[in-house]
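File shown here: my_file_38.cif, holding mmCIF, C-alpha atoms.
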data_final
#
loop_
_atom_site.group_PDB
_atom_site.id
_atom_site.type_symbol
_atom_site.label_atom_id
_atom_site.label_comp_id
_atom_site.auth_asym_id
_atom_site.auth_seq_id
_atom_site.Cartn_x
_atom_site.Cartn_y
_atom_site.Cartn_z
ATOM 1 C CA MET D 13 0.000 0.000 0.000
ATOM 2 C CA GLU D 14 1.699 3.176 -1.212
ATOM 3 C CA LEU D 15 1.592 6.366 0.827
ATOM 4 C CA VAL D 16 -1.236 8.777 -0.062
ATOM 5 C CA SER D 17 -0.984 12.428 1.009
ATOM 6 C CA ILE D 18 -4.258 14.233 1.704
ATOM 7 C CA ILE D 19 -3.884 18.016 1.817
ATOM 8 C CA VAL D 20 -6.559 20.043 3.642
ATOM 9 C CA PRO D 21 -6.414 23.882 3.518
ATOM 10 C CA ILE D 22 -8.201 25.323 6.573
ATOM 11 C CA TYR D 23 -9.648 28.785 7.229
ATOM 12 C CA LYS D 24 -12.675 29.769 9.344
ATOM 13 C CA VAL D 25 -14.467 26.397 9.204
ATOM 14 C CA GLU D 26 -14.680 25.684 12.921
ATOM 15 C CA PRO D 27 -18.251 24.224 12.844
ATOM 16 C CA TYR D 28 -17.345 21.766 10.069
ATOM 17 C CA LEU D 29 -13.692 20.863 10.589
ATOM 18 C CA GLU D 30 -14.135 17.980 13.041
ATOM 19 C CA ALA D 31 -16.450 16.108 10.660
ATOM 20 C CA CYS D 32 -14.048 16.617 7.749
ATOM 21 C CA ILE D 33 -10.981 15.383 9.638
ATOM 22 C CA ALA D 34 -12.885 12.425 11.108
ATOM 23 C CA SER D 35 -13.933 11.327 7.611
ATOM 24 C CA ILE D 36 -10.272 11.333 6.532
ATOM 25 C CA VAL D 37 -8.963 9.568 9.625
ATOM 26 C CA ASN D 38 -11.592 6.825 9.199
ATOM 27 C CA GLN D 39 -10.644 5.927 5.640
ATOM 28 C CA THR D 40 -10.515 2.214 4.854
ATOM 29 C CA TYR D 41 -7.165 2.857 3.153
ATOM 30 C CA ARG D 42 -4.866 3.341 6.147
ATOM 31 C CA ASN D 43 -1.468 4.344 4.718
ATOM 32 C CA LEU D 44 -2.142 8.075 4.771
ATOM 33 C CA GLU D 45 -0.217 11.261 5.360
ATOM 34 C CA ILE D 46 -2.833 13.828 6.439
ATOM 35 C CA ILE D 47 -1.580 17.409 6.085
ATOM 36 C CA LEU D 48 -3.750 20.020 7.800
ATOM 37 C CA VAL D 49 -2.778 23.533 6.671
ATOM 38 C CA ASP D 50 -4.005 26.166 9.122
ATOM 39 C CA ASP D 51 -4.043 29.251 6.894
ATOM 40 C CA GLY D 52 -4.009 31.725 9.782
ATOM 41 C CA SER D 53 -7.560 30.849 10.796
ATOM 42 C CA PRO D 54 -8.814 33.303 13.495
ATOM 43 C CA ASP D 55 -11.218 30.828 15.164
ATOM 44 C CA LYS D 56 -10.541 27.562 17.008
ATOM 45 C CA CYS D 57 -9.436 25.678 13.889
ATOM 46 C CA PRO D 58 -5.726 25.767 14.887
ATOM 47 C CA GLU D 59 -6.527 24.135 18.226
ATOM 48 C CA ILE D 60 -8.737 21.524 16.559
ATOM 49 C CA CYS D 61 -5.903 20.634 14.167
ATOM 50 C CA ASP D 62 -3.388 20.262 16.997
ATOM 51 C CA MET D 63 -5.822 18.138 19.002
ATOM 52 C CA TRP D 64 -6.277 15.718 16.117
ATOM 53 C CA ALA D 65 -2.518 15.550 15.528
ATOM 54 C CA GLN D 66 -2.078 14.364 19.118
ATOM 55 C CA LYS D 67 -4.636 11.597 18.530
ATOM 56 C CA ASP D 68 -3.361 10.334 15.155
ATOM 57 C CA SER D 69 0.323 10.082 14.237
ATOM 58 C CA ARG D 70 -0.510 10.252 10.530
ATOM 59 C CA ILE D 71 -1.570 13.898 10.891
ATOM 60 C CA ARG D 72 0.849 16.750 10.312
ATOM 61 C CA VAL D 73 -0.194 20.343 11.023
ATOM 62 C CA ILE D 74 1.184 23.455 9.346
ATOM 63 C CA HIS D 75 0.398 26.836 10.944
ATOM 64 C CA LYS D 76 1.007 29.750 8.570
ATOM 65 C CA GLU D 77 -0.049 33.324 7.948
ATOM 66 C CA ASN D 78 -3.191 33.747 5.893
ATOM 67 C CA GLY D 79 -2.414 33.562 2.198
ATOM 68 C CA GLY D 80 -5.597 32.173 0.701
ATOM 69 C CA LEU D 81 -6.693 28.794 -0.604
ATOM 70 C CA SER D 82 -4.078 28.495 -3.349
ATOM 71 C CA ASP D 83 -1.214 29.383 -1.025
ATOM 72 C CA ALA D 84 -2.414 26.859 1.574
ATOM 73 C CA ARG D 85 -2.652 24.057 -0.981
ATOM 74 C CA ASN D 86 0.816 24.865 -2.304
ATOM 75 C CA ALA D 87 2.244 24.907 1.233
ATOM 76 C CA GLY D 88 0.729 21.499 1.918
ATOM 77 C CA PHE D 89 2.165 20.011 -1.241
ATOM 78 C CA GLU D 90 5.671 21.309 -0.474
ATOM 79 C CA VAL D 91 5.880 19.213 2.711
ATOM 80 C CA SER D 92 4.044 16.161 1.357
ATOM 81 C CA SER D 93 5.853 12.902 0.603
ATOM 82 C CA GLY D 94 3.111 10.583 -0.698
ATOM 83 C CA ALA D 95 3.296 8.782 -4.022
ATOM 84 C CA TYR D 96 -0.280 10.001 -4.565
ATOM 85 C CA ILE D 97 -1.909 13.337 -3.739
ATOM 86 C CA SER D 98 -5.499 14.288 -2.967
ATOM 87 C CA TYR D 99 -6.894 17.715 -2.064
ATOM 88 C CA VAL D 100 -9.890 17.958 0.272
ATOM 89 C CA ASP D 101 -11.734 21.145 1.232
ATOM 90 C CA SER D 102 -12.058 21.522 4.989
ATOM 91 C CA ASP D 103 -15.862 21.775 5.132
ATOM 92 C CA ASP D 104 -16.488 18.693 2.976
ATOM 93 C CA ILE D 105 -16.823 15.031 3.955
ATOM 94 C CA LEU D 106 -15.345 11.869 2.442
ATOM 95 C CA ALA D 107 -16.998 8.477 2.212
ATOM 96 C CA PRO D 108 -14.889 5.825 4.019
ATOM 97 C CA GLU D 109 -13.858 4.209 0.719
ATOM 98 C CA TYR D 110 -12.779 7.454 -0.986
ATOM 99 C CA VAL D 111 -9.034 6.784 -1.047
ATOM 100 C CA GLU D 112 -9.331 3.005 -1.363
ATOM 101 C CA PHE D 113 -11.517 3.108 -4.477
ATOM 102 C CA LEU D 114 -9.636 5.972 -6.164
ATOM 103 C CA TYR D 115 -6.327 4.202 -5.537
ATOM 104 C CA GLU D 116 -7.749 0.927 -6.859
ATOM 105 C CA ALA D 117 -9.042 2.675 -9.990
ATOM 106 C CA ILE D 118 -5.518 3.897 -10.749
ATOM 107 C CA ARG D 119 -3.973 0.530 -9.920
ATOM 108 C CA VAL D 120 -6.196 -1.523 -12.224
ATOM 109 C CA THR D 121 -6.142 0.923 -15.148
ATOM 110 C CA GLY D 122 -2.636 2.386 -14.995
ATOM 111 C CA ALA D 123 -4.104 5.905 -15.146
ATOM 112 C CA ASP D 124 -2.335 8.951 -13.726
ATOM 113 C CA VAL D 125 -5.449 10.377 -12.073
ATOM 114 C CA SER D 126 -8.774 8.996 -10.876
ATOM 115 C CA GLN D 127 -12.066 10.754 -10.207
ATOM 116 C CA CYS D 128 -15.180 9.752 -8.265
ATOM 117 C CA ALA D 129 -18.738 11.081 -8.315
ATOM 118 C CA PHE D 130 -19.754 13.707 -5.783
ATOM 119 C CA ARG D 131 -22.930 15.166 -4.342
ATOM 120 C CA GLN D 132 -23.802 18.573 -2.910
ATOM 121 C CA PHE D 133 -25.416 19.059 0.466
ATOM 122 C CA SER D 134 -26.227 21.849 2.893
ATOM 123 C CA GLY D 135 -26.893 21.562 6.595
ATOM 124 C CA GLU D 136 -26.296 18.033 7.874
ATOM 125 C CA PRO D 137 -24.820 15.515 5.387
ATOM 126 C CA GLY D 138 -27.158 12.680 6.360
ATOM 127 C CA GLU D 139 -26.087 9.063 6.537
ATOM 128 C CA ILE D 140 -23.060 8.152 4.432
ATOM 129 C CA ARG D 141 -23.273 4.421 3.863
ATOM 130 C CA ARG D 142 -20.351 2.117 3.252
ATOM 131 C CA GLN D 143 -20.020 0.803 -0.284
ATOM 132 C CA ASP D 144 -19.150 -2.821 -0.903
ATOM 133 C CA SER D 145 -17.647 -2.541 -4.357
ATOM 134 C CA MET D 146 -16.118 -0.105 -6.791
ATOM 135 C CA SER D 147 -17.863 0.557 -10.099
ATOM 136 C CA SER D 148 -16.001 -0.317 -13.288
ATOM 137 C CA PRO D 149 -13.641 2.556 -14.149
ATOM 138 C CA VAL D 150 -14.360 4.556 -17.306
ATOM 139 C CA ILE D 151 -11.164 5.587 -19.064
ATOM 140 C CA GLN D 152 -10.652 9.020 -20.586
ATOM 141 C CA THR D 153 -7.714 9.976 -22.792
ATOM 142 C CA PRO D 154 -6.274 13.498 -22.468
ATOM 143 C CA GLU D 155 -8.065 14.371 -25.718
ATOM 144 C CA GLN D 156 -11.403 13.274 -24.275
ATOM 145 C CA ALA D 157 -10.704 15.105 -21.015
ATOM 146 C CA MET D 158 -9.878 18.309 -22.901
ATOM 147 C CA TYR D 159 -12.995 17.950 -25.028
ATOM 148 C CA ASN D 160 -15.103 17.701 -21.880
ATOM 149 C CA PHE D 161 -13.206 20.598 -20.327
ATOM 150 C CA SER D 162 -13.697 22.854 -23.365
ATOM 151 C CA HIS D 163 -17.395 22.020 -23.705
ATOM 152 C CA CYS D 164 -18.073 21.930 -19.933
ATOM 153 C CA VAL D 165 -19.453 18.417 -20.370
ATOM 154 C CA LYS D 166 -20.729 16.749 -17.191
ATOM 155 C CA PRO D 167 -19.329 15.223 -15.098
ATOM 156 C CA VAL D 168 -17.126 18.310 -15.071
ATOM 157 C CA ASN D 169 -13.405 17.983 -14.448
ATOM 158 C CA HIS D 170 -12.726 21.582 -13.385
ATOM 159 C CA GLN D 171 -12.552 21.032 -9.611
ATOM 160 C CA VAL D 172 -9.360 19.827 -7.929
ATOM 161 C CA TRP D 173 -11.094 17.800 -5.227
ATOM 162 C CA ASP D 174 -12.821 14.429 -5.912
ATOM 163 C CA LYS D 175 -9.582 13.164 -7.502
ATOM 164 C CA LEU D 176 -6.428 11.251 -6.694
ATOM 165 C CA TYR D 177 -3.246 12.198 -8.584
ATOM 166 C CA ARG D 178 0.054 10.450 -9.110
ATOM 167 C CA ARG D 179 2.705 12.679 -7.582
ATOM 168 C CA GLU D 180 4.770 12.657 -10.771
ATOM 169 C CA LEU D 181 1.821 14.173 -12.632
ATOM 170 C CA VAL D 182 1.412 17.202 -10.362
ATOM 171 C CA LYS D 183 4.918 17.735 -8.971
ATOM 172 C CA ASN D 184 5.506 20.836 -11.129
ATOM 173 C CA GLU D 185 1.985 22.266 -10.877
ATOM 174 C CA ARG D 186 1.088 25.004 -8.407
ATOM 175 C CA PHE D 187 -2.129 26.925 -7.747
ATOM 176 C CA LEU D 188 -2.350 30.586 -8.737
ATOM 177 C CA TYR D 189 -1.730 32.738 -5.681
ATOM 178 C CA GLY D 190 -4.494 35.086 -4.552
ATOM 179 C CA ARG D 191 -7.212 33.968 -6.980
ATOM 180 C CA GLN D 192 -10.436 32.086 -6.707
ATOM 181 C CA ALA D 193 -11.436 29.640 -9.450
ATOM 182 C CA GLN D 194 -7.783 28.505 -9.476
ATOM 183 C CA ASP D 195 -8.904 24.880 -9.805
ATOM 184 C CA VAL D 196 -9.602 25.554 -13.476
ATOM 185 C CA LEU D 197 -6.048 26.135 -14.678
ATOM 186 C CA PHE D 198 -4.670 23.358 -12.466
ATOM 187 C CA ALA D 199 -7.210 20.879 -13.869
ATOM 188 C CA CYS D 200 -6.531 21.966 -17.443
ATOM 189 C CA HIS D 201 -2.764 21.446 -17.149
ATOM 190 C CA VAL D 202 -2.995 18.171 -15.221
ATOM 191 C CA LEU D 203 -5.677 16.488 -17.341
ATOM 192 C CA GLY D 204 -4.060 17.722 -20.527
ATOM 193 C CA LYS D 205 -0.786 15.948 -19.817
ATOM 194 C CA CYS D 206 -1.898 12.761 -17.999
ATOM 195 C CA ASN D 207 -1.741 9.425 -19.789
ATOM 196 C CA TYR D 208 -5.320 8.498 -18.830
ATOM 197 C CA MET D 209 -7.954 9.527 -16.327
ATOM 198 C CA ALA D 210 -10.066 6.815 -14.682
ATOM 199 C CA ARG D 211 -13.556 7.831 -13.532
ATOM 200 C CA ILE D 212 -15.737 5.749 -11.216
ATOM 201 C CA ASP D 213 -19.442 6.305 -10.506
ATOM 202 C CA ASN D 214 -19.290 5.763 -6.736
ATOM 203 C CA VAL D 215 -20.381 8.865 -4.804
ATOM 204 C CA LEU D 216 -17.410 9.272 -2.483
ATOM 205 C CA TYR D 217 -17.031 13.050 -2.077
ATOM 206 C CA HIS D 218 -19.691 15.104 -0.270
ATOM 207 C CA TRP D 219 -19.437 18.809 -1.109
ATOM 208 C CA ARG D 220 -20.914 21.178 1.451
ATOM 209 C CA ILE D 221 -22.606 24.318 0.104
ATOM 210 C CA ARG D 222 -22.734 27.037 2.745
ATOM 211 C CA PRO D 223 -23.053 30.843 2.930
ATOM 212 C CA GLY D 224 -19.684 32.537 3.100
ATOM 213 C CA SER D 225 -17.693 29.675 1.586
ATOM 214 C CA ALA D 226 -15.147 30.384 -1.125
ATOM 215 C CA SER D 227 -17.414 28.791 -3.742
ATOM 216 C CA SER D 228 -20.628 30.656 -2.858
ATOM 217 C CA GLY D 229 -21.533 34.163 -3.976
ATOM 218 C CA PHE D 230 -19.751 36.241 -6.581
ATOM 219 C CA ILE D 231 -17.061 38.057 -4.557
ATOM 220 C CA ARG D 232 -14.439 38.120 -7.329
ATOM 221 C CA GLN D 233 -14.929 34.539 -8.364
ATOM 222 C CA ARG D 234 -16.406 35.153 -11.798
ATOM 223 C CA LEU D 235 -13.782 37.713 -12.742
ATOM 224 C CA ASP D 236 -11.064 35.371 -11.515
ATOM 225 C CA ALA D 237 -12.681 32.613 -13.587
ATOM 226 C CA LEU D 238 -12.316 34.786 -16.685
ATOM 227 C CA GLU D 239 -8.591 35.091 -15.981
ATOM 228 C CA THR D 240 -8.021 31.401 -15.272
ATOM 229 C CA TYR D 241 -10.047 30.286 -18.294
ATOM 230 C CA TRP D 242 -8.061 32.731 -20.430
ATOM 231 C CA GLN D 243 -4.845 31.104 -19.267
ATOM 232 C CA SER D 244 -6.407 27.688 -19.870
ATOM 233 C CA LEU D 245 -7.239 28.783 -23.415
ATOM 234 C CA SER D 246 -3.565 29.566 -24.028
ATOM 235 C CA PHE D 247 -2.697 26.025 -22.930
ATOM 236 C CA ILE D 248 -5.406 24.424 -25.094
ATOM 237 C CA GLU D 249 -4.543 26.452 -28.189
ATOM 238 C CA ARG D 250 -0.947 25.271 -27.832
ATOM 239 C CA TYR D 251 -1.555 21.576 -27.164
ATOM 240 C CA TYR D 252 -5.175 20.916 -28.219
ATOM 241 C CA PRO D 253 -5.946 23.596 -30.852
ATOM 242 C CA GLN D 254 -8.920 21.603 -32.162
ATOM 243 C CA TYR D 255 -10.856 22.598 -29.016
ATOM 244 C CA GLY D 256 -9.873 26.275 -28.949
ATOM 245 C CA LYS D 257 -13.056 27.520 -30.629
ATOM 246 C CA ASP D 258 -15.297 25.607 -28.245
ATOM 247 C CA LEU D 259 -13.581 26.996 -25.149
ATOM 248 C CA LYS D 260 -13.831 30.502 -26.619
ATOM 249 C CA MET D 261 -17.588 30.083 -27.020
ATOM 250 C CA TYR D 262 -17.855 28.861 -23.432
ATOM 251 C CA TYR D 263 -15.799 31.903 -22.401
ATOM 252 C CA LEU D 264 -18.540 34.129 -23.854
ATOM 253 C CA THR D 265 -21.006 32.405 -21.519
ATOM 254 C CA LEU D 266 -18.740 33.313 -18.579
ATOM 255 C CA CYS D 267 -18.651 36.945 -19.726
ATOM 256 C CA TYR D 268 -22.444 37.077 -19.908
ATOM 257 C CA GLY D 269 -22.690 35.438 -16.474
ATOM 258 C CA ALA D 270 -20.353 38.018 -14.955
ATOM 259 C CA CYS D 271 -22.379 40.855 -16.481
ATOM 260 C CA ASP D 272 -25.622 39.332 -15.167
ATOM 261 C CA TRP D 273 -24.334 39.377 -11.609
ATOM 262 C CA ILE D 274 -22.874 42.880 -11.876
ATOM 263 C CA ILE D 275 -26.143 44.312 -13.210
ATOM 264 C CA LYS D 276 -28.218 42.609 -10.529
ATOM 265 C CA CYS D 277 -25.991 43.059 -7.491
ATOM 266 C CA ALA D 278 -23.254 45.666 -7.941
ATOM 267 C CA SER D 279 -23.730 49.411 -7.771
ATOM 268 C CA GLY D 280 -21.931 52.700 -8.272
ATOM 269 C CA LYS D 281 -18.170 52.724 -8.731
ATOM 270 C CA GLU D 282 -17.910 48.980 -8.120
ATOM 271 C CA ARG D 283 -20.286 48.273 -11.020
ATOM 272 C CA ALA D 284 -18.362 50.511 -13.425
ATOM 273 C CA GLU D 285 -15.013 48.967 -12.514
ATOM 274 C CA MET D 286 -16.306 45.397 -12.842
ATOM 275 C CA MET D 287 -17.985 46.087 -16.166
ATOM 276 C CA GLN D 288 -14.746 47.542 -17.499
ATOM 277 C CA ALA D 289 -12.947 44.391 -16.375
ATOM 278 C CA VAL D 290 -15.428 42.184 -18.253
ATOM 279 C CA ARG D 291 -15.012 44.316 -21.381
ATOM 280 C CA SER D 292 -11.242 43.930 -21.129
ATOM 281 C CA TYR D 293 -11.485 40.155 -20.887
ATOM 282 C CA ARG D 294 -13.966 40.006 -23.767
ATOM 283 C CA LYS D 295 -11.599 41.993 -25.999
ATOM 284 C CA LYS D 296 -9.081 39.180 -25.732
ATOM 285 C CA ILE D 297 -11.345 36.674 -27.471
ATOM 286 C CA ARG D 298 -10.917 36.582 -31.223
ATOM 287 C CA LEU D 299 -11.822 33.908 -33.729
ATOM 288 C CA SER D 300 -9.600 32.976 -36.636
ATOM 289 C CA LYS D 301 -11.091 32.706 -40.127
ATOM 290 C CA GLU D 302 -11.069 28.923 -39.785
ATOM 291 C CA GLU D 303 -12.828 29.061 -36.410
ATOM 292 C CA TRP D 304 -15.424 31.528 -37.701
ATOM 293 C CA ALA D 305 -16.161 29.241 -40.627
ATOM 294 C CA LYS D 306 -16.808 26.339 -38.242
ATOM 295 C CA CYS D 307 -19.243 28.344 -36.087
ATOM 296 C CA SER D 308 -22.959 27.705 -36.331
ATOM 297 C CA LEU D 309 -25.251 30.658 -37.085
ATOM 298 C CA LYS D 310 -26.254 30.695 -33.403
ATOM 299 C CA ASP D 311 -22.629 30.897 -32.274
ATOM 300 C CA LYS D 312 -21.906 33.685 -34.769
ATOM 301 C CA VAL D 313 -24.815 35.715 -33.391
ATOM 302 C CA ARG D 314 -23.640 35.067 -29.814
ATOM 303 C CA PHE D 315 -20.135 36.172 -30.691
ATOM 304 C CA ILE D 316 -21.270 39.408 -32.331
ATOM 305 C CA CYS D 317 -23.737 40.248 -29.539
ATOM 306 C CA SER D 318 -21.043 39.711 -26.918
ATOM 307 C CA SER D 319 -18.640 42.237 -28.450
ATOM 308 C CA PRO D 320 -17.170 44.683 -25.904
ATOM 309 C CA VAL D 321 -19.503 47.406 -27.171
ATOM 310 C CA LEU D 322 -22.690 45.314 -27.102
ATOM 311 C CA ILE D 323 -22.267 42.877 -24.216
ATOM 312 C CA ILE D 324 -23.592 45.210 -21.501
ATOM 313 C CA PRO D 325 -26.698 46.465 -23.363
ATOM 314 C CA MET D 326 -27.412 42.927 -24.574
ATOM 315 C CA THR D 327 -27.172 41.599 -21.008
ATOM 316 C CA ARG D 328 -29.549 44.310 -19.797
ATOM 317 C CA LEU D 329 -31.952 43.444 -22.600
ATOM 318 C CA ARG D 330 -31.848 39.753 -21.610
ATOM 319 C CA ASN D 331 -32.655 40.661 -18.006
ATOM 320 C CA LEU D 332 -35.905 42.327 -19.105
ATOM 321 C CA PHE D 333 -37.359 38.947 -20.088
#
Before anything else, please render the file you have as structure tokens.
Amino acid sequence: MELVSIIVPIYKVEPYLEACIASIVNQTYRNLEIILVDDGSPDKCPEICDMWAQKDSRIRVIHKENGGLSDARNAGFEVSSGAYISYVDSDDILAPEYVEFLYEAIRVTGADVSQCAFRQFSGEPGEIRRQDSMSSPVIQTPEQAMYNFSHCVKPVNHQVWDKLYRRELVKNERFLYGRQAQDVLFACHVLGKCNYMARIDNVLYHWRIRPGSASSGFIRQRLDALETYWQSLSFIERYYPQYGKDLKMYYLTLCYGACDWIIKCASGKERAEMMQAVRSYRKKIRLSKEEWAKCSLKDKVRFICSSPVLIIPMTRLRNLF
């Protein structure tokens, strides 16, 4: 049984942290290195981490100044030593077989990364039942993974959690400092260069949706998503140019989504600054003659209507209906 490192970035999750750590400690796969990264949390999370470290020798705690989710994940990876890496958010819960089944999926297929199914929940997670057997892994090539990424095909691959990675695959990858939606670029690079990805249908990751979490609300998440998808587009155009047009069309959807939120929720100077940011990101998207020729009539209309000059009035017009 090879060593698996589980990295948990922690900040202001005191009501949920015990359940998360307990679900990791109680994994059926026992050869774990559990790295709890206290990202300068101002509540009792640091004490909770230290308490668990005293109870389980597999747990290592890092206390650091607050640097955000990306910085905490990077700090955890730097001290990790496992042959396999998994990232878990500190308010989520793992099924007992999470590591066992993901490790087995890699072992039987020879893939570089494995992915399980997940479910969302709010409030209490409810009963999480043990699962007797792993579903048959479905293999994806990098080309298939990039197709799904560019078209946002479900099950989506954009999140960093719900996966187990070979260390060699991710050893040179780091998360963008100070940005939300940083999973996107990480996933693009990793899935684009793996040999295979193995996906199983077992629901093993339970994703908590709560007010105030990094994934809820706008904050700057949608604008950060525009930046990370732009960087992902550069990667895809270099290594998978056949999917460049499709990701550009999805990018337009992100621009419209950002404008929707700004119109509905922002005001005054904040609204003007955010709208200017969306316009700037939209200006970056251009289609080559070959890409334009491959566009459907619907996509051509969408592209024209999302021009930097028209995107704001068109979004306002859409919000009237």
With only C-alpha atoms as the basis for distance, which of D:Asn214, D:Ser279, D:Ser134, D:Ser92 is at the shortest distance from Arg70 (chain D)? D:Ser92
Given the file shown, enumerate the residues that the PyMOL selection byres ((chain D and resi 69) around 12) captures and present them as a list in words. Val37, Arg42, Asn43, Leu44, Glu45, Ile46, Ile47, Asp62, Met63, Trp64, Ala65, Gln66, Lys67, Asp68, Arg70, Ile71, Arg72 and Val73 of chain D
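A distance cut-off of 9 Å around (-12.1, 27.7, -31.1), counting all atoms listed in the file, selects these protein and nucleic acid residues: D:Glu249, D:Pro253, D:Gln254, D:Tyr255, D:Gly256, D:Lys257, D:Asp258, D:Leu259, D:Lys260, D:Met261, D:Arg298, D:Leu299, D:Ser300, D:Glu302, D:Glu303, D:Trp304, D:Lys306, D:Cys307.
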List as a list in words the protein and nucleic acid residues near Ala270 (chain D), meaning an atom at most 6 Å away when only C-alpha atoms are counted, but skip any in the same chain fewer than 3 places from it. Arg234, Cys267 and Trp273 of chain D
Would you mind listing what lies within 7 Å of region 189-204 of chain D as a list in words, with all atoms listed in the file counted and same-chain residues fewer than 4 positions away left out? Gly80, Ser82, Asp83, Pro154, Ala157, Met158, Asn169, His170, Gln171, Val172, Leu181, Val182, Glu185, Gln233, Asp236, Ala237, Thr240, Tyr241, Gln243 and Ser244 of chain D
Pull C-alpha atoms from the residues just selected and write them as a PDB file, in the coordinates of the input.
ATOM      1  CA  GLY D  80      -5.597  32.173   0.701  1.00  0.00           C
ATOM      2  CA  SER D  82      -4.078  28.495  -3.349  1.00  0.00           C
ATOM      3  CA  ASP D  83      -1.214  29.383  -1.025  1.00  0.00           C
ATOM      4  CA  PRO D 154      -6.274  13.498 -22.468  1.00  0.00           C
ATOM      5  CA  ALA D 157     -10.704  15.105 -21.015  1.00  0.00           C
ATOM      6  CA  MET D 158      -9.878  18.309 -22.901  1.00  0.00           C
ATOM      7  CA  ASN D 169     -13.405  17.983 -14.448  1.00  0.00           C
ATOM      8  CA  HIS D 170     -12.726  21.582 -13.385  1.00  0.00           C
ATOM      9  CA  GLN D 171     -12.552  21.032  -9.611  1.00  0.00           C
ATOM     10  CA  VAL D 172      -9.360  19.827  -7.929  1.00  0.00           C
ATOM     11  CA  LEU D 181       1.821  14.173 -12.632  1.00  0.00           C
ATOM     12  CA  VAL D 182       1.412  17.202 -10.362  1.00  0.00           C
ATOM     13  CA  GLU D 185       1.985  22.266 -10.877  1.00  0.00           C
ATOM     14  CA  GLN D 233     -14.929  34.539  -8.364  1.00  0.00           C
ATOM     15  CA  ASP D 236     -11.064  35.371 -11.515  1.00  0.00           C
ATOM     16  CA  ALA D 237     -12.681  32.613 -13.587  1.00  0.00           C
ATOM     17  CA  THR D 240      -8.021  31.401 -15.272  1.00  0.00           C
ATOM     18  CA  TYR D 241     -10.047  30.286 -18.294  1.00  0.00           C
ATOM     19  CA  GLN D 243      -4.845  31.104 -19.267  1.00  0.00           C
ATOM     20  CA  SER D 244      -6.407  27.688 -19.870  1.00  0.00           C
TER      21      SER D 244
END
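For the set D:Leu238, D:Ile297, D:Val16, D:Cys206, the residue with the smallest atom-to-atom gap to Ser93 (chain D) is D:Val16, counting all atoms listed in the file.
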Near Leu48 (chain D), counting all atoms listed in the file, which residues have an atom at most 10 Å away, once you skip same-chain residues fewer than 5 positions from it, shown as a list in words?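 Surrounding residues, per the criterion: Ile18, Ile19, Val20, Pro21, Ile22, Ile33, Pro58, Cys61, Asp62, Trp64, Ala65, Ile71, Arg72, Val73, Ile74, His75, Ala84, Arg85, Gly88, Val100 and Ser102 of chain D.
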Given all atoms listed in the file as the counted atoms, nearest of D:Lys175, D:Lys312, D:Arg250, D:Lys183 to Ile212 (chain D):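 Selected residue with least distance to Ile212 (chain D): D:Lys175.
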For Ala129 (chain D), which residue out of D:Ser319, D:Ser147, D:Ser53, D:Gln152 is the nearest one, using only C-alpha atoms? D:Ser147
Enter the distance from CA of Leu245 (chain D) to CA of Tyr96 (chain D), in Å, rounded to one decimal. 27.5 Å
For this file, the PyMOL selection byres ((chain D and resi 97) around 7) selects which residues, as a PyMOL selection string? chain D and resi 16-18+94-96+98-99+176-179
Complete region 124-131 of chain D at the level of N, CA, C and O atoms, written as a compact mmCIF listing (two decimals), keeping the file's coordinate frame.
# COMPACT_ATOMS: atom_id res chain seq x y z
N ASP D 124 -3.08 8.01 -14.55
CA ASP D 124 -2.34 8.95 -13.73
C ASP D 124 -3.22 9.66 -12.71
O ASP D 124 -2.72 10.22 -11.73
N VAL D 125 -4.52 9.68 -12.97
CA VAL D 125 -5.45 10.38 -12.07
C VAL D 125 -6.78 9.65 -12.09
O VAL D 125 -7.19 9.09 -13.12
N SER D 126 -7.44 9.61 -10.95
CA SER D 126 -8.77 9.00 -10.88
C SER D 126 -9.75 10.00 -10.29
O SER D 126 -9.36 10.89 -9.52
N GLN D 127 -11.02 9.84 -10.64
CA GLN D 127 -12.07 10.75 -10.21
C GLN D 127 -13.29 9.96 -9.79
O GLN D 127 -13.66 8.98 -10.45
N CYS D 128 -13.94 10.39 -8.71
CA CYS D 128 -15.18 9.75 -8.26
C CYS D 128 -16.34 10.70 -8.50
O CYS D 128 -16.17 11.87 -8.86
N ALA D 129 -17.56 10.22 -8.28
CA ALA D 129 -18.74 11.08 -8.32
C ALA D 129 -18.86 11.82 -6.99
O ALA D 129 -18.30 11.40 -5.97
N PHE D 130 -19.56 12.94 -7.01
CA PHE D 130 -19.75 13.71 -5.78
C PHE D 130 -21.21 14.15 -5.69
O PHE D 130 -21.96 14.09 -6.67
N ARG D 131 -21.61 14.58 -4.52
CA ARG D 131 -22.93 15.17 -4.34
C ARG D 131 -22.81 16.43 -3.51
O ARG D 131 -21.87 16.59 -2.72
